[in-house]
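Student: You'll find run08.txt just under this line, and it carries compact mmCIF, C-alpha atoms.
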# COMPACT_ATOMS: atom_id res chain seq x y z
CA MET A 1 -21.55 -26.90 -17.46
CA LYS A 2 -18.05 -25.65 -17.86
CA LYS A 3 -17.49 -22.12 -16.70
CA LYS A 4 -14.65 -20.02 -17.99
CA LEU A 5 -12.19 -18.31 -15.70
CA LYS A 6 -12.86 -14.62 -15.31
CA ILE A 7 -10.02 -12.28 -14.52
CA VAL A 8 -10.39 -8.51 -14.38
CA GLY A 9 -7.41 -6.41 -15.40
CA PHE A 10 -7.04 -2.77 -14.37
CA LEU A 11 -4.55 -1.22 -16.77
CA CYS A 12 -3.11 2.23 -16.56
CA ASN A 13 -3.79 4.29 -19.65
CA TRP A 14 -0.22 5.40 -20.21
CA CYS A 15 1.86 2.25 -19.97
CA SER A 16 0.15 -1.07 -19.51
CA TYR A 17 -2.85 -0.33 -21.72
CA ALA A 18 -0.49 0.80 -24.45
CA GLY A 19 1.60 -2.30 -23.80
CA ALA A 20 -1.47 -4.47 -24.24
CA ASP A 21 -2.27 -2.55 -27.43
CA LEU A 22 1.24 -3.24 -28.68
CA ALA A 23 0.74 -6.93 -27.94
CA GLY A 24 -2.35 -6.79 -30.11
CA VAL A 25 -0.66 -4.91 -32.94
CA ASN A 26 2.12 -7.50 -32.87
CA ARG A 27 -0.48 -10.30 -33.03
CA LEU A 28 0.84 -11.83 -29.83
CA GLN A 29 -1.34 -14.60 -28.46
CA TYR A 30 -2.46 -14.63 -24.86
CA GLY A 31 -5.34 -16.04 -22.83
CA HIS A 32 -8.76 -14.53 -23.34
CA GLU A 33 -9.79 -15.06 -19.71
CA ILE A 34 -8.84 -11.47 -18.92
CA ARG A 35 -11.23 -8.53 -19.27
CA ILE A 36 -9.48 -5.19 -19.40
CA VAL A 37 -10.62 -2.00 -17.69
CA ARG A 38 -8.66 1.07 -18.65
CA VAL A 39 -7.91 3.43 -15.76
CA PRO A 40 -6.02 6.75 -15.83
CA CYS A 41 -3.35 5.49 -13.45
CA SER A 42 -2.69 2.48 -11.26
CA GLY A 43 -2.95 4.97 -8.38
CA ARG A 44 -6.60 5.35 -9.36
CA VAL A 45 -7.35 1.75 -8.46
CA ASN A 46 -9.32 1.93 -5.26
CA PRO A 47 -8.96 -1.35 -3.38
CA MET A 48 -12.76 -1.42 -3.31
CA LEU A 49 -12.73 -1.92 -7.08
CA ILE A 50 -10.64 -5.04 -6.63
CA LEU A 51 -12.84 -6.36 -3.83
CA LYS A 52 -15.93 -5.54 -5.87
CA CYS A 53 -14.63 -7.68 -8.73
CA PHE A 54 -14.28 -10.63 -6.37
CA GLN A 55 -17.73 -9.93 -4.93
CA GLU A 56 -19.26 -10.07 -8.36
CA GLY A 57 -17.67 -13.40 -9.07
CA ALA A 58 -14.28 -12.67 -10.62
CA ASP A 59 -11.76 -15.44 -10.08
CA GLY A 60 -8.76 -13.16 -10.19
CA VAL A 61 -7.70 -9.52 -10.50
CA LEU A 62 -4.64 -8.06 -12.15
CA VAL A 63 -3.54 -4.47 -11.64
CA ALA A 64 -0.94 -3.25 -14.11
CA GLY A 65 0.74 0.13 -14.26
CA CYS A 66 3.87 1.94 -15.33
CA HIS A 67 7.13 0.81 -13.80
CA PRO A 68 7.88 2.64 -10.54
CA GLY A 69 9.62 5.85 -11.54
CA ASP A 70 7.88 6.03 -14.93
CA CYS A 71 4.44 7.18 -13.83
CA HIS A 72 2.80 9.66 -16.18
CA TYR A 73 1.70 11.53 -13.08
CA GLN A 74 5.16 11.22 -11.49
CA GLU A 75 4.15 9.27 -8.42
CA GLY A 76 0.74 7.62 -8.81
CA ASN A 77 2.15 4.13 -9.05
CA TYR A 78 4.25 4.63 -5.92
CA TYR A 79 1.04 5.12 -3.96
CA ALA A 80 -0.49 2.13 -5.74
CA ARG A 81 2.52 0.00 -4.89
CA ARG A 82 2.14 0.61 -1.16
CA ARG A 83 -1.61 0.20 -1.15
CA MET A 84 -1.59 -2.97 -3.21
CA HIS A 85 1.17 -4.42 -1.08
CA VAL A 86 -0.90 -3.88 2.06
CA LEU A 87 -4.03 -5.26 0.41
CA ARG A 88 -2.18 -8.35 -0.78
CA GLU A 89 -0.80 -9.01 2.67
CA LEU A 90 -4.24 -8.52 4.19
CA LEU A 91 -6.01 -10.84 1.75
CA ASP A 92 -3.35 -13.45 2.34
CA PHE A 93 -3.77 -13.11 6.10
CA VAL A 94 -7.49 -13.80 5.96
CA GLY A 95 -6.87 -16.82 3.77
CA ILE A 96 -7.63 -15.54 0.29
CA ASP A 97 -5.14 -17.10 -2.08
CA ARG A 98 -2.64 -14.43 -3.08
CA ARG A 99 -2.32 -16.05 -6.50
CA ARG A 100 -5.73 -14.57 -7.31
CA PHE A 101 -4.51 -11.00 -7.09
CA HIS A 102 -1.48 -9.70 -8.94
CA VAL A 103 0.18 -6.33 -9.35
CA ARG A 104 2.58 -6.01 -12.27
CA TRP A 105 4.43 -3.22 -14.02
CA VAL A 106 4.26 -3.25 -17.82
CA SER A 107 5.51 -0.38 -19.97
CA ALA A 108 4.12 0.74 -23.33
CA SER A 109 6.98 -1.00 -25.14
CA GLU A 110 6.57 -4.32 -23.34
CA GLY A 111 3.95 -6.01 -25.51
CA ALA A 112 5.63 -9.38 -25.11
CA LYS A 113 5.89 -8.92 -21.36
CA TRP A 114 2.18 -8.11 -21.24
CA ALA A 115 1.35 -11.41 -22.94
CA ASP A 116 3.59 -13.23 -20.44
CA VAL A 117 2.04 -11.41 -17.50
CA VAL A 118 -1.47 -12.33 -18.60
CA ASN A 119 -0.57 -15.95 -19.22
CA GLY A 120 1.23 -16.17 -15.89
CA THR A 121 -1.73 -14.64 -14.09
CA ILE A 122 -4.17 -17.01 -15.74
CA GLU A 123 -1.99 -19.96 -14.74
CA ASP A 124 -1.83 -18.75 -11.15
CA VAL A 125 -5.55 -18.10 -10.89
CA ARG A 126 -6.30 -21.46 -12.44
CA ALA A 127 -4.04 -23.18 -9.92
CA ALA A 128 -5.76 -21.30 -7.08
CA CYS A 129 -9.20 -22.25 -8.41
CA LYS A 130 -8.16 -25.88 -8.56
CA GLU A 131 -7.53 -25.80 -4.81
CA ALA A 132 -10.56 -23.71 -3.90
CA PRO A 133 -13.09 -22.88 -6.64
CA ASP A 134 -14.51 -19.92 -4.73
CA SER A 135 -12.55 -16.76 -4.02
CA ALA A 136 -14.36 -16.65 -0.64
CA LEU A 137 -15.43 -13.09 -1.41
CA SER A 138 -18.07 -13.80 -4.01
CA LEU A 139 -21.57 -12.78 -3.04
CA ARG A 140 -22.99 -14.96 -5.78
CA GLY A 141 -22.36 -18.24 -4.10
CA ALA A 142 -19.57 -20.52 -5.21
CA ALA A 143 -19.20 -18.82 -8.55
CA GLY A 144 -15.70 -20.07 -9.13
CA ALA A 145 -14.61 -21.43 -12.45
CA THR A 146 -14.83 -25.12 -13.10
CA ASP A 147 -12.59 -25.38 -16.11
CA ALA A 148 -9.51 -25.36 -13.94
CA MET B 1 -3.04 11.33 42.43
CA LEU B 2 -6.80 11.40 41.88
CA ASP B 3 -6.94 14.61 43.92
CA GLU B 4 -4.32 16.13 41.65
CA LEU B 5 -6.40 15.11 38.61
CA LYS B 6 -9.60 16.51 40.10
CA GLN B 7 -7.89 19.77 41.05
CA HIS B 8 -6.40 20.16 37.59
CA VAL B 9 -9.76 19.52 35.92
CA ARG B 10 -11.39 21.96 38.32
CA ASP B 11 -8.81 24.61 37.38
CA LEU B 12 -9.34 23.97 33.68
CA LEU B 13 -13.12 24.30 34.02
CA ALA B 14 -12.76 27.47 36.04
CA GLY B 15 -10.67 28.81 33.18
CA ASP B 16 -11.44 28.87 29.45
CA VAL B 17 -12.19 25.15 29.00
CA ALA B 18 -15.82 24.41 28.07
CA PHE B 19 -15.79 20.79 29.26
CA VAL B 20 -13.43 17.99 30.07
CA VAL B 21 -13.81 14.44 28.76
CA ALA B 22 -12.80 12.24 31.66
CA TYR B 23 -13.53 9.06 33.60
CA GLY B 24 -16.37 9.04 36.07
CA GLU B 25 -19.03 6.76 37.41
CA SER B 26 -22.19 5.65 35.67
CA ALA B 27 -25.52 5.42 37.50
CA ASP B 28 -24.88 1.75 38.27
CA GLY B 29 -21.48 2.46 39.77
CA ARG B 30 -19.31 1.36 36.88
CA THR B 31 -16.45 3.38 35.49
CA ALA B 32 -17.63 5.26 32.43
CA PRO B 33 -16.71 8.23 30.26
CA VAL B 34 -18.18 11.50 31.53
CA LEU B 35 -18.17 15.11 30.44
CA ALA B 36 -17.32 17.46 33.29
CA ARG B 37 -18.83 20.86 32.50
CA GLU B 38 -18.74 22.66 35.84
CA PRO B 39 -15.83 22.88 38.28
CA ALA B 40 -18.00 20.97 40.78
CA ASP B 41 -18.27 18.06 38.32
CA ALA B 42 -14.59 17.35 38.95
CA ASP B 43 -15.51 15.88 42.34
CA GLY B 44 -17.12 12.89 40.64
CA LEU B 45 -14.14 11.91 38.52
CA VAL B 46 -12.45 8.58 39.04
CA TRP B 47 -9.17 6.91 38.11
CA ASN B 48 -8.84 3.16 38.50
CA ASP B 49 -7.86 0.02 36.56
CA ARG B 50 -11.17 0.03 34.68
CA CYS B 51 -10.48 3.25 32.76
CA TYR B 52 -9.87 1.31 29.55
CA PHE B 53 -12.06 3.60 27.42
CA ASN B 54 -10.17 5.50 24.76
CA LEU B 55 -11.70 8.93 25.27
CA THR B 56 -10.24 10.39 22.08
CA ARG B 57 -13.29 8.76 20.46
CA TYR B 58 -15.27 11.82 21.60
CA LEU B 59 -12.99 14.30 19.85
CA THR B 60 -14.54 13.52 16.48
CA ASP B 61 -18.07 13.08 17.78
CA ARG B 62 -20.08 16.01 16.49
CA ASP B 63 -22.79 15.54 19.10
CA VAL B 64 -20.18 16.15 21.77
CA MET B 65 -17.90 18.61 20.03
CA GLY B 66 -20.45 20.81 18.28
CA ASP B 67 -18.60 23.01 15.81
CA GLY B 68 -15.30 22.00 17.39
CA GLU B 69 -14.27 25.59 18.06
CA ALA B 70 -14.57 25.52 21.85
CA LYS B 71 -11.52 24.74 23.94
CA ILE B 72 -11.95 21.45 25.74
CA GLY B 73 -9.94 19.22 28.03
CA ILE B 74 -9.37 15.49 27.72
CA VAL B 75 -7.94 12.87 30.02
CA VAL B 76 -5.73 10.38 28.22
CA LYS B 77 -3.54 7.41 28.97
CA GLY B 78 -0.25 6.97 27.14
CA CYS B 79 -1.89 4.65 24.62
CA ASP B 80 -4.74 7.11 23.99
CA LEU B 81 -2.13 9.76 23.34
CA LYS B 82 -1.01 7.74 20.32
CA THR B 83 -4.56 7.86 18.96
CA LEU B 84 -4.64 11.58 19.62
CA ASN B 85 -1.42 11.92 17.64
CA VAL B 86 -3.05 10.16 14.69
CA LEU B 87 -6.09 12.46 14.90
CA LEU B 88 -3.75 15.47 15.00
CA SER B 89 -1.68 14.22 12.07
CA GLU B 90 -4.91 13.72 10.12
CA LYS B 91 -6.02 17.24 11.09
CA GLN B 92 -9.22 16.08 12.74
CA VAL B 93 -8.69 18.13 15.89
CA LYS B 94 -6.99 21.41 16.60
CA ARG B 95 -4.23 21.08 19.16
CA GLU B 96 -4.69 24.67 20.32
CA ASN B 97 -8.28 23.83 21.29
CA LEU B 98 -7.20 20.98 23.54
CA ALA B 99 -5.97 20.80 27.10
CA VAL B 100 -4.43 17.33 27.16
CA VAL B 101 -4.22 15.81 30.61
CA ALA B 102 -2.19 12.61 30.53
CA VAL B 103 -2.33 10.12 33.37
CA ARG B 104 0.51 7.71 34.12
CA CYS B 105 -0.96 4.25 34.01
CA GLU B 106 -0.28 0.92 35.72
CA GLY B 107 -2.37 -0.95 33.17
CA MET B 108 -6.05 -1.63 32.79
CA LYS B 109 -7.86 -4.80 33.76
CA ASP B 110 -10.78 -6.73 32.33
CA ALA B 111 -13.85 -7.84 34.25
CA ASP B 112 -11.96 -10.86 35.64
CA GLY B 113 -9.14 -8.73 36.98
CA ASN B 114 -6.62 -9.76 34.31
CA LEU B 115 -4.30 -7.18 32.83
CA LEU B 116 -5.35 -6.33 29.25
CA ALA B 117 -3.14 -7.86 26.58
CA LYS B 118 -2.16 -4.45 25.23
CA CYS B 119 -1.10 -3.33 28.71
CA GLU B 120 1.31 -6.25 29.12
CA THR B 121 3.43 -4.93 26.28
CA CYS B 122 2.76 -1.23 26.85
CA THR B 123 5.74 1.04 26.35
CA VAL B 124 3.88 4.30 26.89
CA ALA B 125 2.71 3.86 30.49
CA ASP B 126 4.65 7.02 31.25
CA PRO B 127 3.31 9.39 28.56
CA ASP B 128 5.67 11.56 26.55
CA PRO B 129 5.27 15.01 28.14
CA SER B 130 6.00 16.77 24.83
CA PHE B 131 2.61 15.56 23.50
CA CYS B 132 0.50 16.76 26.43
CA ASP B 133 -0.03 19.77 28.65
CA ARG B 134 0.12 18.03 31.99
CA VAL B 135 1.19 14.59 33.19
CA ILE B 136 -0.32 13.32 36.42
CA GLY B 137 0.46 10.43 38.72
CA PRO B 138 3.44 8.44 39.99
CA VAL B 139 5.85 6.94 37.45
CA PRO B 140 4.74 3.34 36.75
CA GLN B 141 7.08 0.64 38.00
CA ARG B 142 5.83 -2.17 35.78
CA GLU B 143 8.28 -3.63 33.25
CA PRO B 144 6.56 -4.29 29.92
CA ARG B 145 6.93 -7.65 28.23
CA GLU B 146 8.26 -7.46 24.69
CA ASP B 147 5.50 -7.85 22.11
CA ASP B 148 6.20 -11.07 20.24
CA TYR B 149 3.18 -10.84 17.88
CA LYS B 150 2.43 -14.45 18.75
CA ASP B 151 -1.26 -14.08 17.80
CA VAL B 152 -0.30 -12.90 14.32
CA ASP B 153 2.44 -15.51 13.90
CA GLU B 154 0.12 -18.32 14.88
CA ILE B 155 -2.24 -17.45 12.05
CA GLU B 156 0.58 -16.91 9.58
CA ALA B 157 1.88 -20.37 10.37
CA MET B 158 -1.38 -21.85 9.07
CA SER B 159 -1.89 -22.88 5.46
CA PRO B 160 -4.06 -20.52 3.37
CA ALA B 161 -6.95 -22.99 3.61
CA GLU B 162 -6.63 -23.15 7.40
CA ARG B 163 -6.47 -19.36 7.62
CA LEU B 164 -9.60 -19.09 5.51
CA ALA B 165 -11.40 -21.61 7.71
CA TYR B 166 -10.24 -19.83 10.88
CA TRP B 167 -11.44 -16.40 9.75
CA SER B 168 -14.64 -17.81 8.22
CA ALA B 169 -15.58 -19.23 11.62
CA GLU B 170 -14.83 -15.86 13.25
CA PHE B 171 -16.57 -13.67 10.68
CA ASP B 172 -19.52 -16.04 10.58
CA ARG B 173 -20.45 -14.84 14.09
CA CYS B 174 -20.33 -11.17 13.11
CA LEU B 175 -23.72 -9.52 13.67
CA ARG B 176 -22.74 -6.45 11.67
CA CYS B 177 -23.82 -4.39 14.66
CA ASP B 178 -21.10 -1.84 13.80
CA ALA B 179 -19.99 -1.63 17.45
CA CYS B 180 -16.34 -1.96 16.38
CA ARG B 181 -16.73 0.90 13.96
CA ASN B 182 -18.71 3.11 16.32
CA ILE B 183 -16.27 2.77 19.21
CA CYS B 184 -13.22 3.30 17.02
CA PRO B 185 -11.67 6.74 17.53
CA LEU B 186 -10.25 6.59 14.02
CA CYS B 187 -13.45 5.50 12.24
CA TYR B 188 -14.61 9.08 12.07
CA CYS B 189 -15.93 9.25 8.49
CA ARG B 190 -19.28 11.03 8.47
CA GLU B 191 -20.62 8.45 6.09
CA CYS B 192 -18.94 5.10 6.41
CA LEU B 193 -18.25 3.31 3.16
CA ALA B 194 -19.93 0.26 4.67
CA SER B 195 -23.17 2.27 5.08
CA GLN B 196 -23.24 3.81 1.64
CA HIS B 197 -26.27 2.95 -0.45
CA ASP B 198 -25.07 4.05 -3.83
CA PRO B 199 -22.75 2.47 -4.61
CA ARG B 200 -23.49 -0.30 -2.18
CA TRP B 201 -19.93 -1.51 -1.72
CA ILE B 202 -20.66 -3.85 1.15
CA PRO B 203 -23.96 -5.64 1.73
CA ALA B 204 -25.73 -4.30 4.81
CA SER B 205 -27.00 -7.58 6.13
CA SER B 206 -24.90 -10.30 7.67
CA SER B 207 -23.51 -12.87 5.26
CA ILE B 208 -20.26 -14.74 5.39
CA ALA B 209 -18.76 -13.14 2.29
CA GLY B 210 -20.18 -9.73 3.21
CA ASN B 211 -18.86 -9.93 6.76
CA ARG B 212 -15.46 -10.95 5.50
CA LEU B 213 -15.51 -8.01 3.14
CA PHE B 214 -16.51 -5.61 5.93
CA HIS B 215 -13.62 -6.69 8.14
CA ILE B 216 -11.14 -6.63 5.26
CA VAL B 217 -12.18 -3.09 4.36
CA ARG B 218 -12.13 -1.92 7.95
CA ALA B 219 -8.66 -3.39 8.50
CA PHE B 220 -7.44 -1.79 5.30
CA HIS B 221 -8.82 1.62 6.22
CA LEU B 222 -7.07 1.42 9.58
CA ALA B 223 -3.78 0.09 8.21
CA GLY B 224 -1.02 2.43 9.30
CA ARG B 225 -3.45 4.40 11.46
CA CYS B 226 -4.65 1.97 14.11
CA THR B 227 -2.78 2.40 17.39
CA ASN B 228 -4.16 -0.83 18.79
CA CYS B 229 -6.21 0.57 21.61
CA GLY B 230 -8.25 -2.63 21.35
CA GLU B 231 -11.60 -0.94 21.87
CA CYS B 232 -13.10 -2.68 18.81
CA GLU B 233 -12.39 -6.10 20.19
CA ARG B 234 -13.51 -5.14 23.68
CA VAL B 235 -16.97 -4.05 22.50
CA CYS B 236 -17.47 -6.85 19.98
CA PRO B 237 -20.48 -8.87 21.21
CA ALA B 238 -19.37 -11.84 19.10
CA GLY B 239 -15.81 -11.91 20.44
CA ILE B 240 -14.16 -11.64 17.03
CA PRO B 241 -10.36 -11.20 17.38
CA ILE B 242 -10.35 -7.91 15.48
CA THR B 243 -7.10 -6.70 17.03
CA THR B 244 -5.24 -9.64 15.49
CA LEU B 245 -6.24 -8.31 12.09
CA MET B 246 -5.22 -4.79 13.09
CA ARG B 247 -1.92 -6.00 14.55
CA LYS B 248 -1.14 -7.77 11.29
CA MET B 249 -1.67 -4.49 9.45
CA GLY B 250 0.49 -2.78 12.06
CA SER B 251 3.29 -5.26 11.53
CA VAL B 252 3.15 -4.76 7.75
CA VAL B 253 3.49 -0.97 7.95
CA ARG B 254 6.18 -1.30 10.61
CA ASP B 255 8.27 -3.95 8.87
CA ASP B 256 7.82 -2.79 5.29
CA PHE B 257 7.45 0.97 5.63
CA GLY B 258 9.16 1.56 8.98
CA PHE B 259 6.09 3.31 10.31
CA GLU B 260 4.74 3.48 13.84
CA PRO B 261 1.18 4.91 13.98
CA GLY B 262 0.76 7.68 16.51
CA ALA B 263 4.46 8.01 17.30
CA THR B 264 4.32 11.76 16.65
CA PRO B 265 1.52 14.24 15.93
CA ASP B 266 2.91 15.37 12.58
CA GLN B 267 3.73 12.27 10.56
CA ARG B 268 2.02 11.50 7.27
CA PRO B 269 -0.06 8.31 7.33
CA PRO B 270 1.84 5.62 5.39
CA LEU B 271 -0.88 4.91 2.85
CA VAL B 272 -0.96 8.51 1.64
CA SER B 273 2.78 8.63 1.25
CA PHE B 274 5.48 6.43 -0.29
CA ALA B 275 9.18 5.76 -0.45
CA HIS B 276 11.12 5.03 -3.61
CA ASN B 277 12.43 1.78 -2.17
CA ASP B 278 9.09 0.36 -1.01
CA PRO B 279 8.76 -3.41 -1.42
CA ASP B 280 7.07 -4.63 -4.58
CA PRO B 281 3.71 -6.33 -3.95
CA GLU B 282 4.90 -9.38 -5.87
CA GLU B 283 8.25 -9.69 -4.10
CA VAL B 284 6.79 -11.07 -0.91
CA LYS B 285 6.84 -14.71 0.08
CA ALA B 286 5.28 -17.25 -2.24
CA PRO B 287 2.30 -19.28 -1.01
As structure tokens - that is how I would like this structure written.

Tutor:
Amino acid sequence: MKKKLKIVGFLCNWCSYAGADLAGVNRLQYGHEIRIVRVPCSGRVNPMLILKCFQEGADGVLVAGCHPGDCHYQEGNYYARRRMHVLRELLDFVGIDRRRFHVRWVSASEGAKWADVVNGTIEDVRAACKEAPDSALSLRGAAGATDA
Amino acid sequence: MLDELKQHVRDLLAGDVAFVVAYGESADGRTAPVLAREPADADGLVWNDRCYFNLTRYLTDRDVMGDGEAKIGIVVKGCDLKTLNVLLSEKQVKRENLAVVAVRCEGMKDADGNLLAKCETCTVADPDPSFCDRVIGPVPQREPREDDYKDVDEIEAMSPAERLAYWSAEFDRCLRCDACRNICPLCYCRECLASQHDPRWIPASSSIAGNRLFHIVRAFHLAGRCTNCGECERVCPAGIPITTLMRKMGSVVRDDFGFEPGATPDQRPPLVSFAHNDPDPEEVKAP
């Protein structure tokens, strides 16, 4: 049976979520493999949330927030940027394909960019799944997608 | 030198210090951490090349410290002083409650008599006197080798699939005994995230994905904090190269954020601070 890719997106309420909304209002097409979770700020995204997604069988995770300097809370995304950078390096070091985890900055006016970001992420995750179906963090066995 | 240490500890205990965490002998004659409570206890203290224990571990141990209000003494090596600096910067101990006795160190040895890896590259054998109350012992003559991070580079040179296979084989042996966490002076959370029941972030039993997750989370929580005392790897019954993981984290915070954990007692840990010109997570090298 073919299994669809599953990508979890954590979007900050103030920029990226509004950007995704704009993409919708503009009827822009992008892949439906992403499931969006709205968070108050990219600085809210505990790395455990990302790891939990992989544990539960997600193939990829995307964290999107305001551009650095534009945070609604002044500096939340600066903290996120450091944390996510360290997490990405760490996952890469233990052999988890870095294409499965992306951190992007999308503003409320960048509906088109949002569609590109999602499509790019899906492409990357699909390529990673082609090489290794399992994220190596899933607790549900080799739950990786097979439609890659 | 040992006499000087004993005398100093004796003086401290005769004064306002409740107890001194130091190196002594266990019942079977091995070097072990001891608490000296009476001036006479100072007679039993030792200093040798088997004093590898990082005694700052006890500073956050509630069973030892009680309410933490008593003034205590602690014997540290230069490397342990870095850990103490992290604990101070994280406000886990009060400096005014501590009498810090630093010992100049010629390096510690393992059971086979080999110098520990961290000692080969040690740059703090002669502890910075501004971080302690007393420095004891002759100035070490040993020239440290420059740390080339060969262990980290070797793994980075592998392909992602090889890295995954390498770490899978290592983590597969993990018993989840929590020895690494329990010995770590910086794993002082009262309830460890790995032990939480609700939410159960990390499965309690040993499984390859769960073990991998545990070590990822532990490395992340120590990123920018770990001073590489190597105690986790020393106590690991499965021989997992935990310090390689920690050293990788150390090289990231050093290279990308210019941060050296434990360099001073008043610096903000790098993951609760930021700089406007931090690297973007996506900018780093492509796979």

Student: If we count all atoms listed in the file and set the cut-off at 12 Å, which residues sit around Val8 (chain A), ignoring sequence neighbours fewer than 2 positions away in its own chain? Please answer as a VMD selection string.

Tutor: chain A and resid 5 to 6 10 to 11 32 to 38 49 to 54 56 to 64 100 to 103 118 121 to 122 125

Student: I want to know what sits within 12 Å of His221 (chain B), based on only C-alpha atoms, with residues of the same chain fewer than 2 positions away left out; could you give that as a PyMOL selection string?

Tutor: (chain A and resi 46-48+83+86-87+90) or (chain B and resi 181+184+186-189+192-194+214-219+223-226+245-246+249-250+269-272)

Student: Could you check the closest approach to chain A for each of B:Val152, B:Ile72, B:Ala32, B:Ala40 and tell me which residue wins, using all atoms listed in the file?

Tutor: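 Among the listed residues, the smallest separation from chain A belongs to B:Val152.
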
Student: Between B:Val100, B:Ala27, B:Ile242, B:Leu81, which one has atoms that come closest to chain A, using only C-alpha atoms?

Tutor: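 With only C-alpha atoms as the atom set, the closest residue is B:Ile242.
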
Student: Please provide as a list in words all residues within 12 Å of Leu175 (chain B), with the sequence filter that same-chain residues fewer than 5 positions apart are discarded (counting only C-alpha atoms).

Tutor: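 The filter keeps Glu170, Cys180, Ala204, Ser205, Ser206, Ser207, Ile208, Gly210, Asn211, Arg212, Phe214, His215, Cys236, Pro237, Ala238, Gly239 and Ile240 of chain B.
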
Student: Just give me the residues with any atom within 12 Å of (-4.7, 13.8, 43.8), file coordinates, counting only C-alpha atoms, written as a ChimeraX atom specification.

Tutor: /B:1-10,42-43,45-47,103,136-138

Student: Would you mind exporting C-alpha atoms of the selected residues as a short mmCIF file (atom, residue, chain, number, x, y, z; two decimals), in the coordinates of the input?

Tutor:
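Below you can see part_2.cif, which holds the result:
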data_model
loop_
_atom_site.label_atom_id
_atom_site.label_comp_id
_atom_site.auth_asym_id
_atom_site.auth_seq_id
_atom_site.Cartn_x
_atom_site.Cartn_y
_atom_site.Cartn_z
CA MET B 1 -3.04 11.33 42.43
CA LEU B 2 -6.80 11.40 41.88
CA ASP B 3 -6.94 14.61 43.92
CA GLU B 4 -4.32 16.13 41.65
CA LEU B 5 -6.40 15.11 38.61
CA LYS B 6 -9.60 16.51 40.10
CA GLN B 7 -7.89 19.77 41.05
CA HIS B 8 -6.40 20.16 37.59
CA VAL B 9 -9.76 19.52 35.92
CA ARG B 10 -11.39 21.96 38.32
CA ALA B 42 -14.59 17.35 38.95
CA ASP B 43 -15.51 15.88 42.34
CA LEU B 45 -14.14 11.91 38.52
CA VAL B 46 -12.45 8.58 39.04
CA TRP B 47 -9.17 6.91 38.11
CA VAL B 103 -2.33 10.12 33.37
CA ILE B 136 -0.32 13.32 36.42
CA GLY B 137 0.46 10.43 38.72
CA PRO B 138 3.44 8.44 39.99
#

Student: Go through A:Ala108, A:Val94, A:Ala128, A:Ala23 and flag the residue nearest chain B, using only C-alpha atoms for the distances.

Tutor: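 So, comparing all the options, the nearest one is A:Val94.
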
Student: Would you please work out which residue, of A:Lys130, A:Lys4, A:Arg81, A:Arg27, is nearest to chain B when using only C-alpha atoms?

Tutor: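 Checking each candidate against chain B, we get A:Arg81 as the closest.
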
Student: Residues within 10 Å of Asp126 (chain B), please, as a list of chain:residue names. Count only C-alpha atoms; anything in the same chain fewer than 5 positions from it doesn't count.

Tutor: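 My reading of the contact set: B:Lys77, B:Gly78, B:Cys79, B:Ala102, B:Val103, B:Arg104, B:Cys105, B:Glu106, B:Val135, B:Ile136, B:Gly137, B:Pro138, B:Val139, B:Pro140, B:Gln141.
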
Student: Give as JSON, numbers by chain every residue of chain A that touches chain B within 6 Å, counting only C-alpha atoms.

Tutor: {"A": [79, 85, 94, 95, 137]}

Student: Would you compute the distance between CA of Gly111 (chain A) and CA of Cys71 (chain A)? Give it in Å to one decimal.

Tutor: 17.6 Å

Student: One number please: CA of Met65 (chain B) to CA of Gly107 (chain B), in Å, one decimal.

Tutor: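 Going from CA of Met65 (chain B) over to CA of Gly107 (chain B) covers 28.2 Å.
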
Student: Would you kindly return, as a CSV table (one decimal) with C-alpha atoms, keeping the file's coordinate frame, each protein, DNA or RNA residue with an atom no farther than 10 Å from any atom of Gln92 (chain B), considering all atoms listed in the file and excluding same-chain residues fewer than 3 positions away?

Tutor:
chain,number,residue,atom,x,y,z
B,59,LEU,CA,-13.0,14.3,19.8
B,60,THR,CA,-14.5,13.5,16.5
B,68,GLY,CA,-15.3,22.0,17.4
B,84,LEU,CA,-4.6,11.6,19.6
B,86,VAL,CA,-3.0,10.2,14.7
B,87,LEU,CA,-6.1,12.5,14.9
B,88,LEU,CA,-3.8,15.5,15.0
B,89,SER,CA,-1.7,14.2,12.1
B,95,ARG,CA,-4.2,21.1,19.2
B,186,LEU,CA,-10.2,6.6,14.0
B,188,TYR,CA,-14.6,9.1,12.1

Student: With all atoms listed in the file as the atoms that count, which of A:Gly19, A:Lys3, A:Gly76, A:Cys12 lies nearest to Ala112 (chain A)?

Tutor: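 Closest to Ala112 (chain A) of all the choices is A:Gly19.
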
Student: Could you state the separation of CA of Asp92 (chain A) and CA of Thr244 (chain B) in Å, given to one decimal place?

Tutor: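 Pair CA of Asp92 (chain A) / CA of Thr244 (chain B) returns 13.8 Å.
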
Student: Which one is closest to Pro133 (chain A): A:Ile96, A:Cys66, A:Tyr17, A:Met84? Count all atoms listed in the file.

Tutor: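 For Pro133 (chain A), the nearest of the candidates is A:Ile96.
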